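J.: The structure file coords04.txt (compact mmCIF, C-alpha atoms and all ligand atoms) is provided below.
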# COMPACT_ATOMS: atom_id res chain seq x y z
CA MET A 276 -11.25 -15.71 31.82
CA ASN A 277 -13.98 -18.28 32.21
CA TRP A 278 -14.84 -19.00 28.59
CA SER A 279 -17.84 -21.16 29.41
CA ASP A 280 -19.63 -17.95 30.49
CA LYS A 281 -18.87 -16.25 27.19
CA LYS A 282 -20.85 -15.78 24.02
CA VAL A 283 -18.34 -15.28 21.28
CA LEU A 284 -18.65 -14.19 17.65
CA VAL A 285 -15.96 -15.14 15.15
CA THR A 286 -16.40 -13.18 11.92
CA GLY A 287 -14.84 -15.05 9.03
CA GLY A 288 -14.92 -18.13 11.25
CA ALA A 289 -15.07 -20.62 8.36
CA SER A 290 -11.58 -19.52 7.30
CA PHE A 291 -8.26 -21.27 7.74
CA ILE A 292 -7.30 -19.40 10.93
CA GLY A 293 -10.88 -18.75 12.04
CA SER A 294 -11.79 -22.43 12.04
CA HIS A 295 -8.73 -23.34 14.12
CA LEU A 296 -9.65 -20.54 16.54
CA ILE A 297 -13.16 -21.98 16.78
CA ASP A 298 -11.77 -25.46 17.57
CA ALA A 299 -9.90 -23.87 20.50
CA LEU A 300 -12.87 -21.79 21.70
CA VAL A 301 -15.16 -24.82 21.61
CA ARG A 302 -12.59 -26.77 23.67
CA LEU A 303 -12.59 -23.90 26.18
CA GLY A 304 -16.37 -24.12 26.45
CA ALA A 305 -17.36 -20.83 24.79
CA LYS A 306 -20.69 -20.47 23.00
CA VAL A 307 -19.63 -19.61 19.47
CA ARG A 308 -21.43 -17.84 16.63
CA VAL A 309 -19.90 -17.57 13.17
CA VAL A 310 -20.74 -15.13 10.40
CA ASP A 311 -19.02 -15.82 7.10
CA ASN A 312 -19.96 -15.27 3.46
CA LEU A 313 -17.81 -18.25 2.43
CA THR A 314 -15.93 -16.28 -0.24
CA SER A 315 -12.71 -17.95 0.88
CA GLY A 316 -13.87 -19.75 4.02
CA ARG A 317 -15.22 -23.29 3.72
CA TYR A 318 -18.27 -24.60 5.50
CA ASP A 319 -16.64 -28.01 5.99
CA ASN A 320 -13.99 -26.34 8.22
CA ILE A 321 -16.70 -25.81 10.86
CA GLN A 322 -19.37 -28.30 9.82
CA ALA A 323 -18.71 -30.79 12.63
CA HIS A 324 -19.26 -28.10 15.29
CA VAL A 325 -22.39 -26.80 13.59
CA GLU A 326 -23.84 -30.30 13.37
CA THR A 327 -23.25 -30.98 17.06
CA GLY A 328 -24.88 -27.64 17.90
CA THR A 329 -21.77 -26.16 19.55
CA VAL A 330 -21.43 -23.48 16.87
CA GLU A 331 -24.19 -21.36 15.38
CA PHE A 332 -23.49 -20.45 11.75
CA THR A 333 -24.99 -17.58 9.76
CA PRO A 334 -23.94 -17.35 6.13
CA ALA A 335 -23.99 -13.58 5.49
CA ASN A 336 -22.03 -10.72 4.00
CA LEU A 337 -20.86 -8.23 6.61
CA LEU A 338 -20.79 -5.51 3.96
CA GLU A 339 -24.57 -5.58 3.79
CA MET A 340 -26.54 -3.14 5.92
CA GLY A 341 -27.59 -4.47 9.31
CA VAL A 342 -25.63 -7.74 9.15
CA ALA A 343 -22.88 -6.62 11.53
CA GLU A 344 -25.36 -5.30 14.13
CA GLN A 345 -27.33 -8.50 14.09
CA ALA A 346 -24.19 -10.62 14.27
CA VAL A 347 -22.67 -8.89 17.31
CA ARG A 348 -25.94 -8.46 19.24
CA GLY A 349 -25.75 -10.29 22.59
CA MET A 350 -22.07 -11.23 22.18
CA HIS A 351 -19.47 -10.72 24.92
CA ILE A 352 -16.36 -11.07 22.77
CA VAL A 353 -15.98 -10.51 19.02
CA PHE A 354 -13.02 -11.97 17.18
CA HIS A 355 -13.00 -10.06 13.91
CA LEU A 356 -11.25 -12.11 11.22
CA ALA A 357 -13.50 -11.58 8.19
CA ALA A 358 -11.50 -9.90 5.45
CA ASP A 359 -10.92 -9.84 1.74
CA HIS A 360 -7.56 -11.49 2.05
CA GLY A 361 -5.13 -13.88 0.46
CA GLY A 362 -1.41 -14.51 0.23
CA ARG A 363 1.14 -12.53 -1.71
CA GLY A 364 -0.32 -13.37 -5.11
CA TYR A 365 -3.68 -12.07 -3.93
CA VAL A 366 -2.88 -8.89 -1.97
CA ASP A 367 -0.50 -7.55 -4.64
CA LEU A 368 -2.97 -8.06 -7.46
CA HIS A 369 -6.34 -7.15 -5.86
CA GLN A 370 -6.03 -3.67 -4.37
CA ALA A 371 -9.66 -2.60 -4.76
CA ALA A 372 -11.05 -5.81 -3.31
CA CYS A 373 -8.79 -5.46 -0.26
CA ALA A 374 -9.92 -1.84 0.16
CA THR A 375 -13.40 -3.16 1.01
CA ASN A 376 -11.89 -4.26 4.33
CA LEU A 377 -11.98 -0.62 5.40
CA VAL A 378 -15.77 -0.82 5.16
CA VAL A 379 -16.18 -4.23 6.83
CA ASP A 380 -13.92 -3.26 9.73
CA GLY A 381 -15.71 0.08 10.20
CA LEU A 382 -19.14 -1.58 10.22
CA VAL A 383 -18.09 -4.33 12.65
CA PHE A 384 -16.37 -1.98 15.11
CA LYS A 385 -19.25 0.51 15.10
CA ALA A 386 -21.74 -2.33 15.66
CA CYS A 387 -19.62 -3.59 18.60
CA ARG A 388 -19.75 -0.20 20.20
CA ASP A 389 -23.46 0.30 19.56
CA GLU A 390 -24.31 -3.17 20.90
CA GLN A 391 -22.00 -2.79 23.93
CA VAL A 392 -19.77 -5.77 23.20
CA GLU A 393 -17.24 -6.32 26.02
CA LYS A 394 -14.19 -6.72 23.80
CA VAL A 395 -13.04 -6.90 20.18
CA VAL A 396 -10.02 -8.95 19.13
CA TYR A 397 -8.81 -7.98 15.69
CA ALA A 398 -6.82 -10.08 13.20
CA SER A 399 -4.21 -7.59 12.08
CA SER A 400 -1.09 -8.35 10.10
CA GLY A 401 2.65 -7.92 9.64
CA CYS A 402 1.54 -5.93 6.56
CA VAL A 403 1.10 -2.82 8.76
CA TYR A 404 4.91 -2.40 8.96
CA PRO A 405 6.57 0.10 6.62
CA ASN A 406 7.85 -1.47 3.41
CA TYR A 407 10.96 0.73 3.40
CA LEU A 408 12.26 -0.98 6.56
CA GLN A 409 12.09 -4.43 5.00
CA THR A 410 14.19 -4.18 1.85
CA ASP A 411 17.66 -5.32 2.95
CA THR A 412 18.20 -9.07 3.39
CA THR A 413 21.65 -8.55 4.92
CA LYS A 414 20.09 -6.87 7.99
CA GLU A 415 19.09 -8.98 10.99
CA LEU A 416 15.88 -7.01 11.44
CA TYR A 417 13.14 -7.86 13.93
CA LEU A 418 10.03 -5.72 13.57
CA SER A 419 8.94 -4.43 16.97
CA GLU A 420 5.45 -2.99 17.36
CA ASP A 421 6.62 0.64 17.63
CA LEU A 422 8.05 0.49 14.09
CA ALA A 423 4.53 0.66 12.64
CA GLY A 424 4.60 4.44 12.95
CA PRO A 425 5.25 7.57 10.92
CA PRO A 426 6.21 7.80 8.13
CA TYR A 427 3.67 5.06 7.48
CA ASP A 428 4.30 2.85 4.44
CA ALA A 429 2.00 -0.16 4.81
CA ASP A 430 2.03 -3.16 2.46
CA ASN A 431 -0.65 -2.63 -0.22
CA MET A 432 -4.27 -1.56 0.37
CA TYR A 433 -4.52 -4.72 2.45
CA GLY A 434 -1.90 -3.45 4.89
CA TRP A 435 -3.32 0.09 4.98
CA ALA A 436 -6.75 -1.29 5.88
CA LYS A 437 -5.23 -3.34 8.73
CA LEU A 438 -3.39 -0.24 9.96
CA MET A 439 -6.54 1.91 9.79
CA ALA A 440 -8.48 -0.75 11.70
CA GLU A 441 -5.88 -0.77 14.47
CA MET A 442 -6.03 3.03 14.65
CA THR A 443 -9.82 2.96 14.70
CA LEU A 444 -9.77 0.55 17.64
CA ARG A 445 -7.30 2.77 19.51
CA SER A 446 -9.57 5.79 19.04
CA TYR A 447 -12.63 3.80 20.07
CA TYR A 448 -10.87 2.78 23.26
CA THR A 449 -9.58 6.27 24.07
CA ASP A 450 -12.76 8.17 23.22
CA TRP A 451 -15.48 5.62 23.88
CA GLY A 452 -13.93 2.96 26.12
CA LEU A 453 -14.47 0.00 23.75
CA LYS A 454 -11.97 -2.64 24.91
CA SER A 455 -9.91 -4.37 22.24
CA ALA A 456 -6.68 -6.06 21.23
CA ALA A 457 -5.05 -6.27 17.80
CA CYS A 458 -2.96 -9.32 16.92
CA ARG A 459 -0.45 -8.80 14.13
CA TYR A 460 -0.25 -12.22 12.50
CA PHE A 461 2.89 -13.03 10.52
CA THR A 462 2.62 -15.35 7.47
CA VAL A 463 0.54 -18.09 9.00
CA TYR A 464 0.65 -21.67 7.70
CA GLY A 465 -0.73 -25.05 8.66
CA ASP A 466 -3.51 -27.41 7.69
CA ARG A 467 -6.57 -25.84 5.97
CA GLY A 468 -4.22 -23.18 4.51
CA HIS A 469 -4.57 -21.89 0.94
CA GLU A 470 -2.28 -22.11 -2.09
CA ASN A 471 -2.18 -18.31 -2.45
CA HIS A 472 0.19 -18.36 0.53
CA ALA A 473 3.83 -19.29 -0.10
CA VAL A 474 4.22 -22.38 2.08
CA ILE A 475 1.07 -24.08 0.79
CA ALA A 476 2.02 -23.06 -2.78
CA MET A 477 5.40 -24.81 -2.41
CA ILE A 478 3.74 -27.92 -1.02
CA ALA A 479 1.14 -27.92 -3.81
CA ARG A 480 3.87 -27.66 -6.47
CA ALA A 481 5.64 -30.64 -4.92
CA PHE A 482 2.34 -32.51 -4.69
CA VAL A 483 1.73 -32.20 -8.45
CA ARG A 484 5.43 -33.02 -9.11
CA GLN A 485 6.04 -29.67 -10.81
CA ASP A 486 9.32 -29.66 -12.78
CA PRO A 487 10.77 -27.16 -13.32
CA PHE A 488 9.71 -26.15 -9.82
CA VAL A 489 8.72 -22.46 -9.87
CA VAL A 490 9.78 -20.11 -7.05
CA TRP A 491 8.56 -16.49 -7.05
CA GLY A 492 11.41 -13.97 -6.56
CA ASN A 493 15.08 -14.84 -6.23
CA GLY A 494 14.46 -17.09 -3.24
CA GLU A 495 16.40 -14.82 -0.86
CA GLN A 496 13.25 -13.32 0.75
CA ILE A 497 13.26 -13.87 4.52
CA ARG A 498 10.11 -14.82 6.44
CA ASN A 499 9.10 -16.05 9.88
CA TRP A 500 6.32 -18.47 8.96
CA THR A 501 4.22 -19.06 12.06
CA HIS A 502 2.14 -22.14 12.71
CA VAL A 503 -1.62 -21.66 13.00
CA SER A 504 -1.73 -23.37 16.43
CA ASP A 505 0.59 -20.69 17.83
CA ILE A 506 -1.49 -17.94 16.21
CA VAL A 507 -4.62 -19.34 17.85
CA SER A 508 -3.09 -19.61 21.33
CA GLY A 509 -1.80 -16.01 21.07
CA THR A 510 -5.19 -14.73 19.90
CA VAL A 511 -7.01 -16.35 22.83
CA LEU A 512 -4.45 -14.94 25.27
CA ALA A 513 -4.85 -11.48 23.73
CA ALA A 514 -8.60 -11.72 24.40
CA GLU A 515 -7.87 -12.60 28.02
CA LYS A 516 -5.09 -10.12 28.75
CA ILE A 517 -5.30 -6.98 26.58
CA ASP A 518 -8.03 -4.34 27.00
CA ASP A 519 -6.50 -1.10 25.74
CA ALA A 520 -6.29 -1.70 21.96
CA THR A 521 -2.60 -2.55 22.11
CA ALA A 522 -1.33 -4.23 18.95
CA VAL A 523 0.93 -7.19 19.53
CA ASN A 524 3.00 -9.25 17.11
CA LEU A 525 2.20 -12.94 16.88
CA GLY A 526 5.10 -14.39 14.93
CA THR A 527 8.16 -16.53 15.47
CA MET A 528 11.64 -15.04 15.43
CA GLU A 529 12.97 -17.84 13.19
CA ARG A 530 14.46 -16.40 10.02
CA THR A 531 13.90 -18.65 7.01
CA LYS A 532 14.77 -17.91 3.39
CA VAL A 533 12.20 -18.89 0.78
CA ILE A 534 14.80 -20.98 -1.05
CA ASP A 535 15.62 -22.95 2.12
CA ALA A 536 11.94 -23.69 2.69
CA VAL A 537 11.65 -24.81 -0.95
CA ARG A 538 14.67 -27.12 -0.62
CA GLU A 539 13.19 -28.71 2.49
CA VAL A 540 9.82 -29.25 0.77
CA LEU A 541 11.62 -30.93 -2.17
CA ARG A 542 13.71 -33.09 0.17
CA TYR A 543 10.85 -34.10 2.44
CA THR A 544 8.55 -34.96 -0.48
CA ARG A 545 11.39 -36.70 -2.36
CA HIS A 546 10.77 -34.54 -5.42
CA ASP A 547 13.97 -34.12 -7.38
CA ALA A 548 13.10 -31.10 -9.56
CA ARG A 549 15.04 -28.27 -11.17
CA ILE A 550 14.28 -24.95 -9.41
CA GLU A 551 13.22 -22.07 -11.67
CA LEU A 552 13.42 -18.62 -10.05
CA ARG A 553 10.85 -16.09 -11.28
CA PRO A 554 12.05 -12.65 -10.04
CA GLU A 555 9.27 -10.79 -11.91
CA MET A 556 6.52 -12.41 -9.79
CA PRO A 557 5.17 -10.82 -6.55
CA THR A 558 7.49 -11.34 -3.58
CA GLY A 559 6.41 -8.80 -0.99
CA PRO A 560 8.98 -7.31 1.38
CA LEU A 561 12.38 -8.99 1.25
CA ASN A 562 13.03 -9.16 4.97
CA ARG A 563 10.04 -9.60 7.30
CA VAL A 564 10.49 -11.16 10.74
CA ALA A 565 8.66 -10.25 13.96
CA ASP A 566 10.08 -9.24 17.28
CA ASN A 567 7.84 -11.14 19.70
CA ALA A 568 9.15 -9.74 22.99
CA LEU A 569 5.93 -7.79 23.65
CA ALA A 570 3.78 -10.91 23.26
CA LYS A 571 6.05 -12.71 25.72
CA ARG A 572 5.74 -9.86 28.19
CA LEU A 573 2.03 -9.06 27.89
CA LEU A 574 0.64 -12.51 27.13
CA GLY A 575 3.27 -14.96 28.36
CA TRP A 576 3.10 -16.30 24.77
CA GLU A 577 5.87 -18.03 22.89
CA PRO A 578 5.59 -20.00 19.68
CA GLN A 579 5.74 -23.75 20.33
CA VAL A 580 6.06 -25.11 16.78
CA THR A 581 9.41 -24.86 14.98
CA PHE A 582 9.19 -24.15 11.27
CA MET A 583 10.65 -27.52 10.27
CA ASP A 584 8.22 -29.44 12.44
CA GLY A 585 5.23 -27.38 11.30
CA LEU A 586 6.29 -27.64 7.66
CA HIS A 587 6.47 -31.43 7.80
CA ARG A 588 3.08 -31.62 9.51
CA THR A 589 1.58 -29.35 6.85
CA VAL A 590 3.06 -31.40 4.00
CA ASP A 591 1.63 -34.56 5.58
CA TRP A 592 -1.82 -32.93 5.82
CA TYR A 593 -1.74 -31.69 2.23
CA PHE A 594 -0.56 -34.97 0.76
CA SER A 595 -3.13 -36.98 2.71
CA THR A 596 -6.17 -34.82 1.92
CA LYS A 597 -5.80 -33.43 -1.64
CA HIS A 598 -6.44 -34.95 -5.05
CA ARG A 599 -3.58 -34.65 -7.51
CA GLN A 600 -5.72 -34.23 -10.62
CA GLU A 601 -7.83 -31.49 -9.08
CA VAL A 602 -4.83 -29.55 -7.74
CA SER A 603 -3.03 -29.85 -11.10
CA ALA A 604 -6.03 -28.46 -12.95
CA THR A 605 -6.54 -25.47 -10.65
CA LEU A 606 -3.12 -24.63 -9.21
CA GLU A 607 -2.32 -21.58 -11.39
CA HIS A 608 -5.67 -20.04 -10.47
CA ARG A 609 -5.28 -20.88 -6.77
CA LEU A 610 -1.93 -19.06 -6.55
CA THR A 611 -3.48 -15.62 -7.05
CA GLU A 612 -7.21 -16.04 -6.28
CA ARG A 613 -9.21 -16.79 -3.14
N1 LIG B 701 -3.07 -16.21 6.72
C1 LIG B 701 -2.19 -15.29 7.08
O1 LIG B 701 -0.98 -15.48 6.88
C2 LIG B 701 -2.64 -14.02 7.75
C3 LIG B 701 -1.65 -13.09 8.13
C4 LIG B 701 -2.06 -11.91 8.72
C5 LIG B 701 -3.40 -11.66 8.97
N2 LIG B 701 -4.34 -12.57 8.56
C6 LIG B 701 -5.76 -12.25 8.80
O2 LIG B 701 -6.38 -13.32 9.50
C7 LIG B 701 -7.76 -13.41 9.11
C8 LIG B 701 -8.09 -14.82 8.67
O3 LIG B 701 -7.25 -15.15 7.59
P1 LIG B 701 -7.16 -16.56 6.87
O4 LIG B 701 -5.77 -16.77 6.46
O5 LIG B 701 -7.81 -17.59 7.70
O6 LIG B 701 -7.90 -16.22 5.50
P2 LIG B 701 -9.28 -16.09 4.85
O7 LIG B 701 -9.14 -15.14 3.74
O8 LIG B 701 -9.79 -17.42 4.49
O9 LIG B 701 -10.22 -15.45 5.98
C9 LIG B 701 -11.20 -14.50 5.74
C10 LIG B 701 -12.59 -15.06 6.06
O10 LIG B 701 -13.53 -13.99 6.01
C11 LIG B 701 -14.64 -14.38 5.19
N3 LIG B 701 -15.16 -13.12 4.62
C12 LIG B 701 -14.52 -12.29 3.75
N4 LIG B 701 -15.29 -11.21 3.48
C13 LIG B 701 -16.43 -11.36 4.20
C14 LIG B 701 -17.61 -10.58 4.33
N5 LIG B 701 -17.77 -9.43 3.65
N6 LIG B 701 -18.61 -11.02 5.13
C15 LIG B 701 -18.47 -12.20 5.82
N7 LIG B 701 -17.36 -12.98 5.74
C16 LIG B 701 -16.36 -12.56 4.94
C17 LIG B 701 -14.07 -15.36 4.20
O11 LIG B 701 -15.03 -16.22 3.63
C18 LIG B 701 -13.06 -16.11 5.07
O12 LIG B 701 -13.67 -17.17 5.76
C19 LIG B 701 -7.97 -12.33 8.04
O13 LIG B 701 -8.45 -11.16 8.64
C20 LIG B 701 -6.56 -12.08 7.52
O14 LIG B 701 -6.43 -10.80 6.97
C21 LIG B 701 -3.98 -13.75 7.96
Output the file's structure in the form of structure tokens.
Ligand SMILES: NC(=O)c1ccc[n+]([C@@H]2O[C@H](COP(=O)([O-])OP(=O)(O)OC[C@H]3O[C@@H](n4cnc5c(N)ncnc54)[C@H](O)[C@@H]3O)[C@@H](O)[C@H]2O)c1
T.:
Amino acid sequence: MNWSDKKVLVTGGASFIGSHLIDALVRLGAKVRVVDNLTSGRYDNIQAHVETGTVEFTPANLLEMGVAEQAVRGMHIVFHLAADHGGRGYVDLHQAACATNLVVDGLVFKACRDEQVEKVVYASSGCVYPNYLQTDTTKELYLSEDLAGPPYDADNMYGWAKLMAEMTLRSYYTDWGLKSAACRYFTVYGDRGHENHAVIAMIARAFVRQDPFVVWGNGEQIRNWTHVSDIVSGTVLAAEKIDDATAVNLGTMERTKVIDAVREVLRYTRHDARIELRPEMPTGPLNRVADNALAKRLLGWEPQVTFMDGLHRTVDWYFSTKHRQEVSATLEHRLTER
């Protein structure tokens, strides 16, 4: 795809992932528009591009009538990332807020069809997979795309909304020919990430020298944290190579226990703290790792950043950009809010 011919909208483009996607799209030469209400996105994530005129920014709420139509008008490709979203502390504790994603997604997809957008690329999630499959940490389970099927058992209202959006896009393709791709992101981390996600929460606790050092759950939860640079490259490839609303996992196949990630954060930051496990706090599914064979086959995509390397880079970013007093004062709030 020749991106320099393309007008591209990124909804939620001021976000952690959205802003990294915009960096990549600008490098590729695309003309980028962003619509974001800045509820969790930050203007400074995209400010440099806006000031050089390479990105057009509209602060607006996609839930309001007419905003989606205006945003997508004249666009070739729409990357739809805007969502009421946060990490585990957020999605477990804010069901109604996450349910508004059903409305945002519906409005954006309908506007794309009405305005004859060439293609929609949707930020879906590992949260579409049935919870009941992900309870046993002794199983070496890799979630392949076909496992998001009946009997459906998505992860919170957040996961149900992602699943409904995928299904909507499939129907739009079958019935109305709207081209699309859905990318199922798995627990993304990296610079510009938020403390309501586990990796950044661990780093923030180390940054403020928390002792005892709190870990939600018993530490045995398994995840495949995936670096934001890999998520961005997969999302761009999905835009180039998928037309038929196929959903594809973007996640590493590295299996890491929460407690092992915590130990590495403590070691790397030279923080010698006592670990306090808090099993009553939200943990999400106990065993969630992607199978990424389909992404390899359809996109030629493979993650390039190992978890250890990405973790160290993310610690370095956090420690070099944050202020200890400010993080200390707000950390408890940041763990569960956007
Ligand atoms: N971070 C992850 O681990 C992860 C995993 C799976 C999927 N995702 C999805 O990727 C996308 C980006 O996530 P992120 O981690 O960068 O988080 P994020 O929550 O910061 O991104 C959402 C963005 O949408 C904006 N937004 C929310 N509601 C809006 C509205 N009504 N109108 C306009 N803008 C609105 C927010 O200000 C924010 O910039 C989201 O769709 C999220 O669900 C993220």
J.: Looking at all atoms listed in the file, which of A:Met442, A:Val285, A:Leu408, A:Leu416 is the one that sits closest to Val353 of chain A?
T.: A:Val285
J.: Would you list the contacts of segment 575-583 of chain A as a PDB file with C-alpha atoms, in the coordinates of the input, taking every protein, DNA or RNA residue within 12 Å and counting only C-alpha atoms, but skipping same-chain residues closer than 5 positions in sequence?
T.:
ATOM      1  CA  PHE A 461       2.890 -13.030  10.520  1.00  0.00           C
ATOM      2  CA  THR A 462       2.620 -15.350   7.470  1.00  0.00           C
ATOM      3  CA  VAL A 463       0.540 -18.090   9.000  1.00  0.00           C
ATOM      4  CA  TYR A 464       0.650 -21.670   7.700  1.00  0.00           C
ATOM      5  CA  GLY A 465      -0.730 -25.050   8.660  1.00  0.00           C
ATOM      6  CA  VAL A 474       4.220 -22.380   2.080  1.00  0.00           C
ATOM      7  CA  ARG A 498      10.110 -14.820   6.440  1.00  0.00           C
ATOM      8  CA  ASN A 499       9.100 -16.050   9.880  1.00  0.00           C
ATOM      9  CA  TRP A 500       6.320 -18.470   8.960  1.00  0.00           C
ATOM     10  CA  THR A 501       4.220 -19.060  12.060  1.00  0.00           C
ATOM     11  CA  HIS A 502       2.140 -22.140  12.710  1.00  0.00           C
ATOM     12  CA  VAL A 503      -1.620 -21.660  13.000  1.00  0.00           C
ATOM     13  CA  SER A 504      -1.730 -23.370  16.430  1.00  0.00           C
ATOM     14  CA  ASP A 505       0.590 -20.690  17.830  1.00  0.00           C
ATOM     15  CA  ILE A 506      -1.490 -17.940  16.210  1.00  0.00           C
ATOM     16  CA  VAL A 507      -4.620 -19.340  17.850  1.00  0.00           C
ATOM     17  CA  SER A 508      -3.090 -19.610  21.330  1.00  0.00           C
ATOM     18  CA  GLY A 509      -1.800 -16.010  21.070  1.00  0.00           C
ATOM     19  CA  THR A 510      -5.190 -14.730  19.900  1.00  0.00           C
ATOM     20  CA  VAL A 511      -7.010 -16.350  22.830  1.00  0.00           C
ATOM     21  CA  LEU A 512      -4.450 -14.940  25.270  1.00  0.00           C
ATOM     22  CA  ALA A 513      -4.850 -11.480  23.730  1.00  0.00           C
ATOM     23  CA  GLU A 515      -7.870 -12.600  28.020  1.00  0.00           C
ATOM     24  CA  LYS A 516      -5.090 -10.120  28.750  1.00  0.00           C
ATOM     25  CA  ILE A 517      -5.300  -6.980  26.580  1.00  0.00           C
ATOM     26  CA  VAL A 523       0.930  -7.190  19.530  1.00  0.00           C
ATOM     27  CA  ASN A 524       3.000  -9.250  17.110  1.00  0.00           C
ATOM     28  CA  LEU A 525       2.200 -12.940  16.880  1.00  0.00           C
ATOM     29  CA  GLY A 526       5.100 -14.390  14.930  1.00  0.00           C
ATOM     30  CA  THR A 527       8.160 -16.530  15.470  1.00  0.00           C
ATOM     31  CA  MET A 528      11.640 -15.040  15.430  1.00  0.00           C
ATOM     32  CA  GLU A 529      12.970 -17.840  13.190  1.00  0.00           C
ATOM     33  CA  ARG A 530      14.460 -16.400  10.020  1.00  0.00           C
ATOM     34  CA  THR A 531      13.900 -18.650   7.010  1.00  0.00           C
ATOM     35  CA  LYS A 532      14.770 -17.910   3.390  1.00  0.00           C
ATOM     36  CA  ASP A 535      15.620 -22.950   2.120  1.00  0.00           C
ATOM     37  CA  ALA A 536      11.940 -23.690   2.690  1.00  0.00           C
ATOM     38  CA  VAL A 537      11.650 -24.810  -0.950  1.00  0.00           C
ATOM     39  CA  ARG A 538      14.670 -27.120  -0.620  1.00  0.00           C
ATOM     40  CA  GLU A 539      13.190 -28.710   2.490  1.00  0.00           C
ATOM     41  CA  VAL A 540       9.820 -29.250   0.770  1.00  0.00           C
ATOM     42  CA  ARG A 542      13.710 -33.090   0.170  1.00  0.00           C
ATOM     43  CA  TYR A 543      10.850 -34.100   2.440  1.00  0.00           C
ATOM     44  CA  ALA A 565       8.660 -10.250  13.960  1.00  0.00           C
ATOM     45  CA  ASP A 566      10.080  -9.240  17.280  1.00  0.00           C
ATOM     46  CA  ASN A 567       7.840 -11.140  19.700  1.00  0.00           C
ATOM     47  CA  ALA A 568       9.150  -9.740  22.990  1.00  0.00           C
ATOM     48  CA  LEU A 569       5.930  -7.790  23.650  1.00  0.00           C
ATOM     49  CA  ALA A 570       3.780 -10.910  23.260  1.00  0.00           C
ATOM     50  CA  ARG A 588       3.080 -31.620   9.510  1.00  0.00           C
ATOM     51  CA  THR A 589       1.580 -29.350   6.850  1.00  0.00           C
ATOM     52  CA  VAL A 590       3.060 -31.400   4.000  1.00  0.00           C
TER      53      VAL A 590
END
J.: Please report the interatomic distance between atom CA of Asp367 of chain A and atom C2 of ligand LIG 701 (chain B) in Å with one decimal.
T.: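 Computed distance, atom CA of Asp367 of chain A to atom C2 of ligand LIG 701 (chain B), equals 14.1 Å.
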J.: Please measure the separation of atom CA of Asn562 of chain A and atom CA of Trp491 of chain A, giving the value in Å to one decimal.
T.: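 These two atoms are separated by 14.8 Å.
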J.: Go through chain A residue by residue and, counting all atoms listed in the file, keep those with an atom at most 7 Å from ligand LIG 701 (chain B); for each kept residue give the shortest atom pair and its distance in Å to one decimal, ordered by chain and increasing number, as a tab-separated table.
T.:
residue	atom	partner	partner_atom	distance
A:Thr286	CA	B:LIG701	N7	6.3
A:Gly287	CA	B:LIG701	O10	3.5
A:Gly288	CA	B:LIG701	O12	5.7
A:Ala289	CA	B:LIG701	O12	4.5
A:Ser290	CA	B:LIG701	O12	3.5
A:Phe291	CA	B:LIG701	O5	3.7
A:Ile292	CA	B:LIG701	O5	3.7
A:Gly293	CA	B:LIG701	O5	5.4
A:Val310	CA	B:LIG701	C15	5.9
A:Asp311	CA	B:LIG701	N7	3.6
A:Asn312	CA	B:LIG701	N7	4.1
A:Leu313	CA	B:LIG701	O11	3.6
A:Thr314	CA	B:LIG701	O11	4.0
A:Ser315	CA	B:LIG701	O11	4.0
A:Gly316	CA	B:LIG701	O12	3.1
A:Arg317	CA	B:LIG701	O12	6.6
A:Ala335	CA	B:LIG701	C15	5.7
A:Asn336	CA	B:LIG701	N6	3.6
A:Leu337	CA	B:LIG701	N6	3.9
A:Leu338	CA	B:LIG701	N5	5.0
A:Leu356	CA	B:LIG701	O13	3.9
A:Ala357	CA	B:LIG701	O10	3.2
A:Ala358	CA	B:LIG701	C12	4.2
A:Asp359	CA	B:LIG701	C12	4.8
A:His360	CA	B:LIG701	O7	4.3
A:Gly361	CA	B:LIG701	O7	5.3
A:Gly362	CA	B:LIG701	O1	6.7
A:Val379	CA	B:LIG701	N5	6.3
A:Ala398	CA	B:LIG701	O2	4.9
A:Ser399	CA	B:LIG701	C5	5.2
A:Ser400	CA	B:LIG701	C4	3.9
A:Gly401	CA	B:LIG701	C4	6.2
A:Arg459	CA	B:LIG701	C4	6.4
A:Tyr460	CA	B:LIG701	C4	4.2
A:Phe461	CA	B:LIG701	C3	5.1
A:Thr462	CA	B:LIG701	O1	3.7
A:Val463	CA	B:LIG701	O1	3.7
A:Tyr464	CA	B:LIG701	O1	6.5
A:Gly468	CA	B:LIG701	O4	6.9
J.: By how many Å are atom CA of Ala481 of chain A and atom CA of Glu551 of chain A apart?
T.: 13.3 Å
J.: Give as a PyMOL selection string the set of residues within 7 Å of the point (-7.7, 2.8, -4.2), where distances use the file's coordinates and all atoms listed in the file.
T.: chain A and resi 370-371+374
J.: Residues within 7 Å of Trp278 of chain A, please, as a ChimeraX atom specification. Count all atoms listed in the file; anything in the same chain fewer than 4 positions from it doesn't count.
T.: /A:303-305
J.: Counting only C-alpha atoms, figure out which residue out of A:Asp466, A:Asp518, A:Glu612, A:Asp450 gets nearest to Leu573 of chain A.
T.: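 Using only C-alpha atoms, Leu573 of chain A sits closest to A:Asp518.
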J.: Hey, which of A:Val564, A:Ala548, A:Val392, A:Ile475 ends up closest to Pro487 of chain A? Count all atoms listed in the file.
T.: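 The closest residue to Pro487 of chain A is A:Ala548.
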J.: Near Ala456 of chain A, counting only C-alpha atoms, which residues have an atom at most 6 Å away, once you skip same-chain residues fewer than 3 positions from it, shown as a list in words?
T.: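 Counting only C-alpha atoms, the residues come to Val396, Ile517, Ala520 and Thr521 of chain A.
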J.: Can you pull out every residue within 7 Å of segment 345-347 of chain A, counting all atoms listed in the file, but drop anything in the same chain fewer than 6 positions away, and send it as a list in words?
T.: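 Close residues of segment 345-347 of chain A: Leu284, Val310, Ala386, Cys387 and Glu390 of chain A.
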